[in-house]
Amino acid sequence: MEITYPAPQIGAVISGVDVNRLGEGEFARIYDTWLARNVICVRGQELTIEAFIAYSRRFGIVVPHPSKSTRHPEHPEITMLGINKFDAAGKLDMAIYRRGAEGWHTDGAYDEKPFKATQLYAIAVPSRGGDTLFSSMYAAYDALPAELKQRLEGRRGAFTYGGRTRSNALLNPEDRNEPPVFHPIIRTHSETGRKGLYFDPGKILYIEGMDAAESDALIEELTERMIPPDAGYRHSWQKGDIVIWDNRCSYHRAAGDYPPEEDRIHWRVSIKES
Ligand SMILES: O=C(O)CCC(=O)C(=O)O
Ligand SMILES: [Fe+2]
């Protein structure tokens, strides 16, 4: 197994392994690298859907994503990214093409138990564009001024799927009115014990215990501060890549810039803590 570190703070690229046959020791090395680096890519994998799900279960509990219309018809735990991009009239569906590209976010903040991890397997990769960008929540927290850290300590945010703009086109109508859930904005990672800035401008509604103006102003400020310089990793996809990120300590967004007429397809799983 070879591991390289493509960016200073987060990200690792692993090669020389076959996740279809991975002993406990090798998996432990992958898992520890993931915890330390927030996001890892395992290159050059050939996987069936069943094998992808089985490998994903080694990280936690694999759960179906609430976007029912983008689930794989036989495997509800698999979300298909980049499928059915064009409607019957040939019009590009921007909700599918731009999925994950509208801004920095963490997956599953609208759930009582947010996703521990999201894992993607690259089935088709466009000739250019289509990267995924990652950034560290630990670095975001560390970079906050002491006075702001203090102000946020013990505060909780209210989160829903579509947040303040109600961007919920990928949900079925019956799933669009879930009540908000609450999470501490300064969140201690359950495995590393490190503090991170747990925030998502597209899903947060308000910060508890503040009036609307104060909450909105703080949301603006945190949006500005959530991506410090040099805390990131930009992943350029190759077919056969498996990338898993830790939603408890990293943000991500899709670049959303690839030629729409080309395929960019991933299988995706959402993983919760067991
Ligand atoms: O397609 C990507 O690069 C990432 C999309 C995304 O935000 C996600 O899968 O959670
Ligand atoms: Fe995402």
# chains A, B, ... in the order shown; residues from 1 in each chain; ligands from 1

$ residues_near_ligand --ligand "ligand 2" --cutoff "9 Å" --atoms "only C-alpha atoms and all ligand atoms" --output "PDB file with N, CA and C atoms, in the first residue's frame"
ATOM      1  N   ARG A  99     -25.504  19.348  -8.675  1.00  0.00           N
ATOM      2  CA  ARG A  99     -25.639  18.776  -7.335  1.00  0.00           C
ATOM      3  C   ARG A  99     -24.322  18.905  -6.559  1.00  0.00           C
ATOM      4  N   GLY A 100     -24.395  19.499  -5.394  1.00  0.00           N
ATOM      5  CA  GLY A 100     -23.201  19.644  -4.559  1.00  0.00           C
ATOM      6  C   GLY A 100     -22.311  20.809  -4.958  1.00  0.00           C
ATOM      7  N   ALA A 101     -22.705  21.547  -6.023  1.00  0.00           N
ATOM      8  CA  ALA A 101     -21.836  22.616  -6.535  1.00  0.00           C
ATOM      9  C   ALA A 101     -22.299  24.007  -6.122  1.00  0.00           C
ATOM     10  N   TRP A 104     -20.082  25.426  -0.414  1.00  0.00           N
ATOM     11  CA  TRP A 104     -19.428  24.536   0.551  1.00  0.00           C
ATOM     12  C   TRP A 104     -20.467  23.987   1.518  1.00  0.00           C
ATOM     13  N   HIS A 105     -20.376  22.709   1.833  1.00  0.00           N
ATOM     14  CA  HIS A 105     -21.360  22.109   2.734  1.00  0.00           C
ATOM     15  C   HIS A 105     -20.821  20.845   3.381  1.00  0.00           C
ATOM     16  N   THR A 106     -21.597  20.349   4.328  1.00  0.00           N
ATOM     17  CA  THR A 106     -21.342  19.039   4.914  1.00  0.00           C
ATOM     18  C   THR A 106     -22.625  18.237   4.734  1.00  0.00           C
ATOM     19  N   ASP A 107     -22.498  16.947   4.426  1.00  0.00           N
ATOM     20  CA  ASP A 107     -23.689  16.164   4.087  1.00  0.00           C
ATOM     21  C   ASP A 107     -24.454  15.714   5.327  1.00  0.00           C
ATOM     22  N   GLY A 108     -25.780  15.836   5.245  1.00  0.00           N
ATOM     23  CA  GLY A 108     -26.640  15.225   6.266  1.00  0.00           C
ATOM     24  C   GLY A 108     -26.838  16.051   7.523  1.00  0.00           C
ATOM     25  N   THR A 118     -19.403  10.270   3.614  1.00  0.00           N
ATOM     26  CA  THR A 118     -19.998  10.043   2.297  1.00  0.00           C
ATOM     27  C   THR A 118     -18.903   9.417   1.459  1.00  0.00           C
ATOM     28  N   ASN A 247     -17.727  13.832   7.164  1.00  0.00           N
ATOM     29  CA  ASN A 247     -18.619  15.001   7.274  1.00  0.00           C
ATOM     30  C   ASN A 247     -18.587  15.647   8.655  1.00  0.00           C
ATOM     31  N   TYR A 251     -15.603  20.100   4.973  1.00  0.00           N
ATOM     32  CA  TYR A 251     -16.588  20.632   4.024  1.00  0.00           C
ATOM     33  C   TYR A 251     -16.168  20.188   2.634  1.00  0.00           C
ATOM     34  N   HIS A 252     -17.126  20.194   1.733  1.00  0.00           N
ATOM     35  CA  HIS A 252     -16.794  19.889   0.341  1.00  0.00           C
ATOM     36  C   HIS A 252     -17.760  20.626  -0.570  1.00  0.00           C
ATOM     37  N   ARG A 253     -17.382  20.715  -1.834  1.00  0.00           N
ATOM     38  CA  ARG A 253     -18.316  21.145  -2.871  1.00  0.00           C
ATOM     39  C   ARG A 253     -17.826  20.633  -4.220  1.00  0.00           C
ATOM     40  N   ALA A 254     -18.759  20.394  -5.111  1.00  0.00           N
ATOM     41  CA  ALA A 254     -18.395  19.981  -6.468  1.00  0.00           C
ATOM     42  C   ALA A 254     -18.044  21.236  -7.259  1.00  0.00           C
TER      43      ALA A 254
END

$ select_by_dssp --residues "segment 4-223 of chain A" --states "alpha helix (DSSP H)" --output "PyMOL selection string"
chain A and resi 24-37+49-56+94-97+137-142+146-152+212-223

$ closest_atom_pairs --of "chain A" --to "ligand 1" --cutoff "10 Å" --atoms "only C-alpha atoms and all ligand atoms" --output "Markdown table"
| residue | atom | partner | partner_atom_place_in_ligand_line | distance |
| --- | --- | --- | --- | --- |
| A:Thr79 | CA | ligand 1 | 9 (O) | 8.7 |
| A:Met80 | CA | ligand 1 | 9 (O) | 9.4 |
| A:Leu81 | CA | ligand 1 | 1 (O) | 6.7 |
| A:Gly82 | CA | ligand 1 | 1 (O) | 7.9 |
| A:Ile96 | CA | ligand 1 | 1 (O) | 9.5 |
| A:Tyr97 | CA | ligand 1 | 1 (O) | 8.9 |
| A:Arg98 | CA | ligand 1 | 1 (O) | 8.2 |
| A:Arg99 | CA | ligand 1 | 5 (C) | 5.7 |
| A:Gly100 | CA | ligand 1 | 7 (O) | 3.4 |
| A:Ala101 | CA | ligand 1 | 7 (O) | 6.6 |
| A:Glu102 | CA | ligand 1 | 7 (O) | 8.8 |
| A:Gly103 | CA | ligand 1 | 7 (O) | 8.8 |
| A:Trp104 | CA | ligand 1 | 7 (O) | 8.3 |
| A:His105 | CA | ligand 1 | 7 (O) | 7.3 |
| A:Thr106 | CA | ligand 1 | 10 (O) | 7.6 |
| A:Asp107 | CA | ligand 1 | 10 (O) | 5.8 |
| A:Gly108 | CA | ligand 1 | 10 (O) | 8.8 |
| A:Ala117 | CA | ligand 1 | 10 (O) | 9.5 |
| A:Thr118 | CA | ligand 1 | 10 (O) | 6.6 |
| A:Gln119 | CA | ligand 1 | 9 (O) | 7.8 |
| A:Leu120 | CA | ligand 1 | 9 (O) | 7.0 |
| A:Ala122 | CA | ligand 1 | 1 (O) | 9.6 |
| A:Gly130 | CA | ligand 1 | 3 (O) | 6.7 |
| A:Asp131 | CA | ligand 1 | 3 (O) | 6.1 |
| A:Thr132 | CA | ligand 1 | 3 (O) | 4.3 |
| A:Leu133 | CA | ligand 1 | 3 (O) | 7.5 |
| A:Phe134 | CA | ligand 1 | 3 (O) | 9.6 |
| A:His235 | CA | ligand 1 | 3 (O) | 8.7 |
| A:Ser236 | CA | ligand 1 | 3 (O) | 9.5 |
| A:Trp237 | CA | ligand 1 | 3 (O) | 8.9 |
| A:Val243 | CA | ligand 1 | 3 (O) | 9.8 |
| A:Ile244 | CA | ligand 1 | 9 (O) | 10.0 |
| A:Trp245 | CA | ligand 1 | 10 (O) | 9.3 |
| A:Asn247 | CA | ligand 1 | 10 (O) | 9.4 |
| A:Tyr251 | CA | ligand 1 | 7 (O) | 9.1 |
| A:His252 | CA | ligand 1 | 7 (O) | 6.4 |
| A:Arg253 | CA | ligand 1 | 7 (O) | 5.2 |
| A:Ala254 | CA | ligand 1 | 3 (O) | 3.9 |
| A:Ala255 | CA | ligand 1 | 3 (O) | 6.8 |
| A:Gly256 | CA | ligand 1 | 3 (O) | 7.6 |
| A:Arg264 | CA | ligand 1 | 1 (O) | 8.4 |
| A:Ile265 | CA | ligand 1 | 1 (O) | 8.4 |
| A:His266 | CA | ligand 1 | 1 (O) | 7.5 |
| A:Trp267 | CA | ligand 1 | 9 (O) | 9.1 |
| A:Arg268 | CA | ligand 1 | 9 (O) | 6.6 |
| A:Val269 | CA | ligand 1 | 9 (O) | 8.5 |
| A:Ser270 | CA | ligand 1 | 10 (O) | 8.6 |

$ closest_atom_pairs --of "segment 6-124 of chain A" --to "segment 218-230 of chain A" --cutoff "9 Å" --atoms "only C-alpha atoms" --output "Markdown table"
| residue | atom | partner | partner_atom | distance |
| --- | --- | --- | --- | --- |
| A:Ala7 | CA | A:Asp230 | CA | 8.2 |
| A:Pro8 | CA | A:Asp230 | CA | 7.2 |
| A:Gln9 | CA | A:Asp230 | CA | 7.4 |
| A:Trp104 | CA | A:Ile227 | CA | 8.5 |

$ write_last_selection --atoms "N, CA, C and O atoms" --output "mmCIF file, in the first residue's frame"
data_model
loop_
_atom_site.group_PDB
_atom_site.id
_atom_site.type_symbol
_atom_site.label_atom_id
_atom_site.label_comp_id
_atom_site.auth_asym_id
_atom_site.auth_seq_id
_atom_site.Cartn_x
_atom_site.Cartn_y
_atom_site.Cartn_z
ATOM 1 N N ALA A 7 -1.847 17.482 -0.357
ATOM 2 C CA ALA A 7 -2.067 18.848 0.145
ATOM 3 C C ALA A 7 -1.590 18.880 1.588
ATOM 4 O O ALA A 7 -1.527 17.845 2.250
ATOM 5 N N PRO A 8 -1.243 20.089 2.084
ATOM 6 C CA PRO A 8 -0.604 20.144 3.414
ATOM 7 C C PRO A 8 -1.453 19.602 4.564
ATOM 8 O O PRO A 8 -0.945 18.861 5.403
ATOM 9 N N GLN A 9 -2.740 19.959 4.625
ATOM 10 C CA GLN A 9 -3.493 19.638 5.847
ATOM 11 C C GLN A 9 -4.393 18.427 5.732
ATOM 12 O O GLN A 9 -4.543 17.671 6.688
ATOM 13 N N TRP A 104 -20.082 25.426 -0.414
ATOM 14 C CA TRP A 104 -19.428 24.536 0.551
ATOM 15 C C TRP A 104 -20.467 23.987 1.518
ATOM 16 O O TRP A 104 -21.314 24.743 2.002
#

$ closest_residue --among "A:Ile3, A:Ala217, A:Ala51, A:Ile242" --to "Ile123 of chain A" --atoms "only C-alpha atoms"
A:Ile242

$ select_by_dssp --residues "segment 207-264 of chain A" --states "strand (DSSP E or B)" --output "MDAnalysis selection string"
chainID A and resid 207 232:235 242:246 250:254

$ write_last_selection --atoms "all heavy atoms" --output "tab-separated table (two decimals), in the first residue's frame"
chain	number	residue	atom	x	y	z
A	207	ILE	N	-29.32	30.48	14.31
A	207	ILE	CA	-28.56	30.07	15.48
A	207	ILE	C	-29.46	30.31	16.69
A	207	ILE	O	-30.00	31.41	16.87
A	207	ILE	CB	-27.22	30.82	15.56
A	207	ILE	CG1	-26.37	30.40	14.34
A	207	ILE	CG2	-26.49	30.49	16.86
A	207	ILE	CD1	-25.16	31.24	14.09
A	232	GLY	N	-7.25	23.17	2.31
A	232	GLY	CA	-8.04	22.39	1.36
A	232	GLY	C	-7.29	21.32	0.59
A	232	GLY	O	-6.05	21.21	0.66
A	233	TYR	N	-8.07	20.54	-0.11
A	233	TYR	CA	-7.57	19.55	-1.08
A	233	TYR	C	-8.56	19.53	-2.23
A	233	TYR	O	-9.77	19.47	-2.00
A	233	TYR	CB	-7.46	18.16	-0.43
A	233	TYR	CG	-7.30	17.06	-1.45
A	233	TYR	CD1	-6.22	17.07	-2.33
A	233	TYR	CD2	-8.23	16.02	-1.56
A	233	TYR	CE1	-6.08	16.08	-3.30
A	233	TYR	CE2	-8.09	15.02	-2.52
A	233	TYR	CZ	-7.01	15.06	-3.38
A	233	TYR	OH	-6.88	14.08	-4.34
A	234	ARG	N	-8.04	19.56	-3.46
A	234	ARG	CA	-8.90	19.52	-4.64
A	234	ARG	C	-8.68	18.18	-5.34
A	234	ARG	O	-7.58	17.88	-5.77
A	234	ARG	CB	-8.53	20.68	-5.57
A	234	ARG	CG	-9.40	20.73	-6.81
A	234	ARG	CD	-9.09	21.97	-7.65
A	234	ARG	NE	-10.04	22.03	-8.74
A	234	ARG	CZ	-10.84	23.06	-8.98
A	234	ARG	NH1	-10.77	24.12	-8.23
A	234	ARG	NH2	-11.68	23.02	-9.99
A	235	HIS	N	-9.74	17.41	-5.45
A	235	HIS	CA	-9.60	16.07	-6.04
A	235	HIS	C	-9.99	16.07	-7.51
A	235	HIS	O	-11.10	16.42	-7.87
A	235	HIS	CB	-10.48	15.06	-5.28
A	235	HIS	CG	-10.29	13.67	-5.79
A	235	HIS	ND1	-9.11	12.98	-5.59
A	235	HIS	CD2	-11.07	12.86	-6.53
A	235	HIS	CE1	-9.20	11.80	-6.16
A	235	HIS	NE2	-10.37	11.70	-6.75
A	242	ILE	N	-12.17	5.60	-5.46
A	242	ILE	CA	-13.14	5.65	-4.35
A	242	ILE	C	-12.67	6.80	-3.46
A	242	ILE	O	-11.53	6.81	-3.01
A	242	ILE	CB	-13.13	4.38	-3.49
A	242	ILE	CG1	-13.40	3.14	-4.32
A	242	ILE	CG2	-14.16	4.49	-2.38
A	242	ILE	CD1	-13.33	1.87	-3.47
A	243	VAL	N	-13.57	7.74	-3.21
A	243	VAL	CA	-13.23	8.84	-2.30
A	243	VAL	C	-14.22	8.84	-1.14
A	243	VAL	O	-15.43	8.75	-1.36
A	243	VAL	CB	-13.24	10.20	-3.05
A	243	VAL	CG1	-13.12	11.36	-2.06
A	243	VAL	CG2	-12.10	10.26	-4.06
A	244	ILE	N	-13.69	8.89	0.06
A	244	ILE	CA	-14.55	8.98	1.24
A	244	ILE	C	-14.13	10.20	2.05
A	244	ILE	O	-12.94	10.45	2.24
A	244	ILE	CB	-14.50	7.68	2.09
A	244	ILE	CG1	-15.46	7.79	3.30
A	244	ILE	CG2	-13.08	7.33	2.54
A	244	ILE	CD1	-15.73	6.45	3.99
A	245	TRP	N	-15.13	10.99	2.45
A	245	TRP	CA	-14.84	12.16	3.29
A	245	TRP	C	-15.60	12.06	4.60
A	245	TRP	O	-16.65	11.43	4.69
A	245	TRP	CB	-15.11	13.47	2.57
A	245	TRP	CG	-16.51	13.72	2.10
A	245	TRP	CD1	-17.54	14.23	2.82
A	245	TRP	CD2	-17.01	13.51	0.77
A	245	TRP	NE1	-18.65	14.36	2.04
A	245	TRP	CE2	-18.36	13.92	0.76
A	245	TRP	CE3	-16.45	13.02	-0.43
A	245	TRP	CZ2	-19.16	13.85	-0.37
A	245	TRP	CZ3	-17.25	12.95	-1.55
A	245	TRP	CH2	-18.58	13.36	-1.51
A	246	ASP	N	-15.03	12.73	5.60
A	246	ASP	CA	-15.57	12.72	6.95
A	246	ASP	C	-16.40	14.00	7.13
A	246	ASP	O	-15.85	15.10	7.20
A	246	ASP	CB	-14.41	12.67	7.95
A	246	ASP	CG	-14.86	12.42	9.38
A	246	ASP	OD1	-16.00	12.79	9.72
A	246	ASP	OD2	-14.05	11.88	10.17
A	250	SER	N	-15.06	17.93	7.80
A	250	SER	CA	-14.66	18.55	6.53
A	250	SER	C	-15.88	19.09	5.78
A	250	SER	O	-17.00	18.62	5.97
A	250	SER	CB	-13.91	17.55	5.64
A	250	SER	OG	-14.74	16.48	5.25
A	251	TYR	N	-15.60	20.10	4.97
A	251	TYR	CA	-16.59	20.63	4.02
A	251	TYR	C	-16.17	20.19	2.63
A	251	TYR	O	-15.00	19.91	2.38
A	251	TYR	CB	-16.58	22.16	4.02
A	251	TYR	CG	-16.76	22.80	5.36
A	251	TYR	CD1	-15.72	23.52	5.95
A	251	TYR	CD2	-17.98	22.71	6.03
A	251	TYR	CE1	-15.89	24.14	7.18
A	251	TYR	CE2	-18.15	23.33	7.26
A	251	TYR	CZ	-17.11	24.04	7.82
A	251	TYR	OH	-17.27	24.64	9.03
A	252	HIS	N	-17.13	20.19	1.73
A	252	HIS	CA	-16.79	19.89	0.34
A	252	HIS	C	-17.76	20.63	-0.57
A	252	HIS	O	-18.82	21.09	-0.14
A	252	HIS	CB	-16.87	18.38	0.07
A	252	HIS	CG	-18.25	17.81	0.26
A	252	HIS	ND1	-18.77	17.53	1.50
A	252	HIS	CD2	-19.22	17.52	-0.63
A	252	HIS	CE1	-20.00	17.07	1.36
A	252	HIS	NE2	-20.31	17.05	0.08
A	253	ARG	N	-17.38	20.71	-1.83
A	253	ARG	CA	-18.32	21.15	-2.87
A	253	ARG	C	-17.83	20.63	-4.22
A	253	ARG	O	-16.62	20.43	-4.43
A	253	ARG	CB	-18.49	22.66	-2.89
A	253	ARG	CG	-17.32	23.44	-3.41
A	253	ARG	CD	-17.65	24.94	-3.43
A	253	ARG	NE	-16.55	25.70	-3.98
A	253	ARG	CZ	-16.37	25.92	-5.29
A	253	ARG	NH1	-17.24	25.49	-6.18
A	253	ARG	NH2	-15.33	26.62	-5.71
A	254	ALA	N	-18.76	20.39	-5.11
A	254	ALA	CA	-18.40	19.98	-6.47
A	254	ALA	C	-18.04	21.24	-7.26
A	254	ALA	O	-18.65	22.29	-7.06
A	254	ALA	CB	-19.57	19.25	-7.11

$ atom_distance --atom1 "atom CA of Arg248 of chain A" --atom2 "atom CA of Thr188 of chain A"
8.5 Å

$ closest_residue --among "A:Glu191, A:Glu147, A:Asp142, A:Glu112" --to "Glu178 of chain A" --atoms "only C-alpha atoms"
A:Glu112

$ residues_around --residues "segment 153-166 of chain A" --least-positions-apart "5" --cutoff "8 Å" --atoms "only C-alpha atoms" --output "compact mmCIF listing (two decimals) with all heavy atoms, in the first residue's frame"
# COMPACT_ATOMS: atom_id res chain seq x y z
N GLY A 108 -25.78 15.84 5.24
CA GLY A 108 -26.64 15.23 6.27
C GLY A 108 -26.84 16.05 7.52
O GLY A 108 -27.36 15.54 8.51
N ALA A 109 -26.50 17.35 7.50
CA ALA A 109 -26.68 18.19 8.69
C ALA A 109 -28.16 18.32 9.07
O ALA A 109 -28.48 18.72 10.19
CB ALA A 109 -26.06 19.57 8.48
N TYR A 110 -29.05 17.99 8.13
CA TYR A 110 -30.50 18.06 8.39
C TYR A 110 -31.00 16.85 9.18
O TYR A 110 -32.18 16.75 9.48
CB TYR A 110 -31.26 18.15 7.05
CG TYR A 110 -30.75 17.16 6.03
CD1 TYR A 110 -31.10 15.81 6.11
CD2 TYR A 110 -29.86 17.56 5.04
CE1 TYR A 110 -30.58 14.89 5.21
CE2 TYR A 110 -29.34 16.65 4.14
CZ TYR A 110 -29.71 15.31 4.23
OH TYR A 110 -29.19 14.41 3.35
N ASP A 111 -30.11 15.88 9.47
CA ASP A 111 -30.50 14.70 10.24
C ASP A 111 -30.07 14.86 11.69
O ASP A 111 -29.00 15.41 11.97
CB ASP A 111 -29.82 13.45 9.68
CG ASP A 111 -30.68 12.74 8.64
OD1 ASP A 111 -31.76 13.27 8.30
OD2 ASP A 111 -30.27 11.67 8.17
N ARG A 176 -40.48 17.38 2.02
CA ARG A 176 -39.93 18.74 2.02
C ARG A 176 -40.21 19.56 3.26
O ARG A 176 -39.77 20.69 3.35
CB ARG A 176 -40.44 19.50 0.78
CG ARG A 176 -39.80 18.96 -0.48
CD ARG A 176 -40.25 19.69 -1.73
NE ARG A 176 -39.67 19.02 -2.90
CZ ARG A 176 -39.99 19.27 -4.15
NH1 ARG A 176 -40.90 20.18 -4.43
NH2 ARG A 176 -39.41 18.61 -5.13
N GLU A 178 -39.72 18.60 6.70
CA GLU A 178 -39.20 18.03 7.94
C GLU A 178 -38.85 19.17 8.91
O GLU A 178 -38.36 20.22 8.49
CB GLU A 178 -37.94 17.22 7.65
CG GLU A 178 -38.18 15.95 6.84
CD GLU A 178 -38.99 14.91 7.61
OE1 GLU A 178 -38.61 14.61 8.76
OE2 GLU A 178 -40.01 14.43 7.07
N PRO A 179 -39.10 18.97 10.21
CA PRO A 179 -38.73 20.02 11.17
C PRO A 179 -37.21 20.13 11.28
O PRO A 179 -36.50 19.18 10.96
CB PRO A 179 -39.33 19.52 12.49
CG PRO A 179 -39.47 18.04 12.32
CD PRO A 179 -39.69 17.80 10.85
N PRO A 180 -36.71 21.30 11.73
CA PRO A 180 -35.26 21.44 11.87
C PRO A 180 -34.69 20.53 12.96
O PRO A 180 -35.41 20.13 13.87
CB PRO A 180 -35.07 22.91 12.25
CG PRO A 180 -36.39 23.42 12.67
CD PRO A 180 -37.44 22.52 12.08
N VAL A 181 -33.41 20.24 12.83
CA VAL A 181 -32.69 19.52 13.90
C VAL A 181 -31.60 20.47 14.40
O VAL A 181 -31.26 21.45 13.73
CB VAL A 181 -32.06 18.21 13.38
CG1 VAL A 181 -33.13 17.26 12.88
CG2 VAL A 181 -31.02 18.48 12.30
N PHE A 182 -31.07 20.19 15.57
CA PHE A 182 -30.12 21.11 16.22
C PHE A 182 -28.77 20.44 16.44
O PHE A 182 -28.73 19.29 16.91
CB PHE A 182 -30.72 21.60 17.54
CG PHE A 182 -31.95 22.45 17.33
CD1 PHE A 182 -33.20 21.86 17.19
CD2 PHE A 182 -31.82 23.82 17.20
CE1 PHE A 182 -34.33 22.65 16.95
CE2 PHE A 182 -32.95 24.61 16.95
CZ PHE A 182 -34.20 24.02 16.83
N HIS A 183 -27.71 21.16 16.09
CA HIS A 183 -26.36 20.65 16.31
C HIS A 183 -25.49 21.76 16.88
O HIS A 183 -25.62 22.92 16.46
CB HIS A 183 -25.70 20.19 14.99
CG HIS A 183 -26.45 19.13 14.28
ND1 HIS A 183 -26.69 17.89 14.83
CD2 HIS A 183 -27.03 19.12 13.05
CE1 HIS A 183 -27.38 17.17 13.96
NE2 HIS A 183 -27.61 17.88 12.88
N PRO A 184 -24.56 21.39 17.78
CA PRO A 184 -23.61 22.41 18.25
C PRO A 184 -22.77 22.93 17.09
O PRO A 184 -22.34 22.14 16.24
CB PRO A 184 -22.72 21.66 19.26
CG PRO A 184 -23.15 20.24 19.23
CD PRO A 184 -24.36 20.08 18.38
N ILE A 185 -22.57 24.24 17.05
CA ILE A 185 -21.78 24.85 15.96
C ILE A 185 -20.30 24.52 16.16
O ILE A 185 -19.55 24.36 15.20
CB ILE A 185 -21.98 26.38 15.94
CG1 ILE A 185 -23.46 26.74 15.80
CG2 ILE A 185 -21.15 27.04 14.86
CD1 ILE A 185 -24.01 26.72 14.42
N ILE A 186 -19.90 24.43 17.40
CA ILE A 186 -18.55 23.94 17.67
C ILE A 186 -18.71 22.50 18.11
O ILE A 186 -19.31 22.20 19.15
CB ILE A 186 -17.85 24.78 18.74
CG1 ILE A 186 -17.64 26.19 18.17
CG2 ILE A 186 -16.51 24.16 19.12
CD1 ILE A 186 -17.11 27.17 19.15
N PHE A 199 -20.81 23.75 10.42
CA PHE A 199 -21.60 24.85 9.85
C PHE A 199 -21.94 24.50 8.41
O PHE A 199 -21.17 23.80 7.74
CB PHE A 199 -20.76 26.13 9.94
CG PHE A 199 -21.42 27.34 9.36
CD1 PHE A 199 -22.53 27.89 9.98
CD2 PHE A 199 -20.96 27.91 8.19
CE1 PHE A 199 -23.15 29.00 9.45
CE2 PHE A 199 -21.57 29.02 7.65
CZ PHE A 199 -22.67 29.57 8.29
N PRO A 201 -23.88 26.79 5.35
CA PRO A 201 -24.71 27.97 5.01
C PRO A 201 -25.95 27.62 4.21
O PRO A 201 -26.93 28.36 4.25
CB PRO A 201 -23.75 28.85 4.19
CG PRO A 201 -22.61 27.99 3.80
CD PRO A 201 -22.52 26.86 4.79
N GLY A 202 -25.92 26.48 3.48
CA GLY A 202 -27.09 26.09 2.69
C GLY A 202 -28.14 25.33 3.48
O GLY A 202 -29.24 25.08 2.97
N LYS A 203 -27.82 24.90 4.70
CA LYS A 203 -28.77 24.10 5.48
C LYS A 203 -29.16 24.77 6.79
O LYS A 203 -30.19 24.43 7.37
CB LYS A 203 -28.19 22.71 5.77
CG LYS A 203 -27.89 21.91 4.51
CD LYS A 203 -27.60 20.46 4.80
CE LYS A 203 -27.12 19.74 3.55
NZ LYS A 203 -25.66 19.85 3.34
N ILE A 204 -28.35 25.72 7.25
CA ILE A 204 -28.68 26.33 8.54
C ILE A 204 -29.85 27.31 8.37
O ILE A 204 -29.95 28.01 7.36
CB ILE A 204 -27.45 27.04 9.17
CG1 ILE A 204 -27.70 27.33 10.65
CG2 ILE A 204 -27.07 28.31 8.41
CD1 ILE A 204 -26.43 27.57 11.44
N LEU A 205 -30.75 27.31 9.35
CA LEU A 205 -31.86 28.27 9.35
C LEU A 205 -31.52 29.46 10.25
O LEU A 205 -31.67 30.60 9.86
CB LEU A 205 -33.13 27.62 9.88
CG LEU A 205 -33.83 26.58 9.00
CD1 LEU A 205 -34.99 25.96 9.77
CD2 LEU A 205 -34.32 27.21 7.70
N TYR A 206 -31.09 29.13 11.45
CA TYR A 206 -30.76 30.19 12.41
C TYR A 206 -29.91 29.60 13.52
O TYR A 206 -29.79 28.38 13.66
CB TYR A 206 -32.03 30.81 13.00
CG TYR A 206 -32.96 29.83 13.68
CD1 TYR A 206 -32.77 29.48 15.02
CD2 TYR A 206 -34.01 29.24 12.98
CE1 TYR A 206 -33.61 28.56 15.63
CE2 TYR A 206 -34.86 28.32 13.59
CZ TYR A 206 -34.65 27.98 14.92
OH TYR A 206 -35.47 27.06 15.51
N ILE A 207 -29.32 30.48 14.31
CA ILE A 207 -28.56 30.07 15.48
C ILE A 207 -29.46 30.31 16.69
O ILE A 207 -30.00 31.41 16.87
CB ILE A 207 -27.22 30.82 15.56
CG1 ILE A 207 -26.37 30.40 14.34
CG2 ILE A 207 -26.49 30.49 16.86
CD1 ILE A 207 -25.16 31.24 14.09
N GLU A 208 -29.61 29.25 17.46
CA GLU A 208 -30.54 29.25 18.59
C GLU A 208 -30.21 30.36 19.60
O GLU A 208 -29.03 30.61 19.86
CB GLU A 208 -30.40 27.90 19.29
CG GLU A 208 -31.61 27.40 20.00
CD GLU A 208 -31.36 26.03 20.62
OE1 GLU A 208 -30.19 25.69 20.92
OE2 GLU A 208 -32.32 25.32 20.83
N GLY A 209 -31.25 30.97 20.14
CA GLY A 209 -31.07 31.92 21.23
C GLY A 209 -30.61 33.30 20.79
O GLY A 209 -30.18 34.10 21.61

$ closest_residue --among "A:Phe59, A:Ser135, A:Pro260, A:Pro73" --to "Ala28 of chain A" --atoms "only C-alpha atoms"
A:Phe59

$ closest_residue --among "A:Ala139, A:Ile14, A:Lys149, A:Asn168" --to "Ala95 of chain A" --atoms "only C-alpha atoms"
A:Asn168

$ closest_residue --among "A:Leu170, A:Ile271, A:Lys116, A:Gly60" --to "Asn38 of chain A" --atoms "only C-alpha atoms"
A:Lys116

$ closest_residue --among "A:Tyr138, A:Pro6, A:Pro114, A:Cys41" --to "Thr192 of chain A" --atoms "only C-alpha atoms"
A:Tyr138
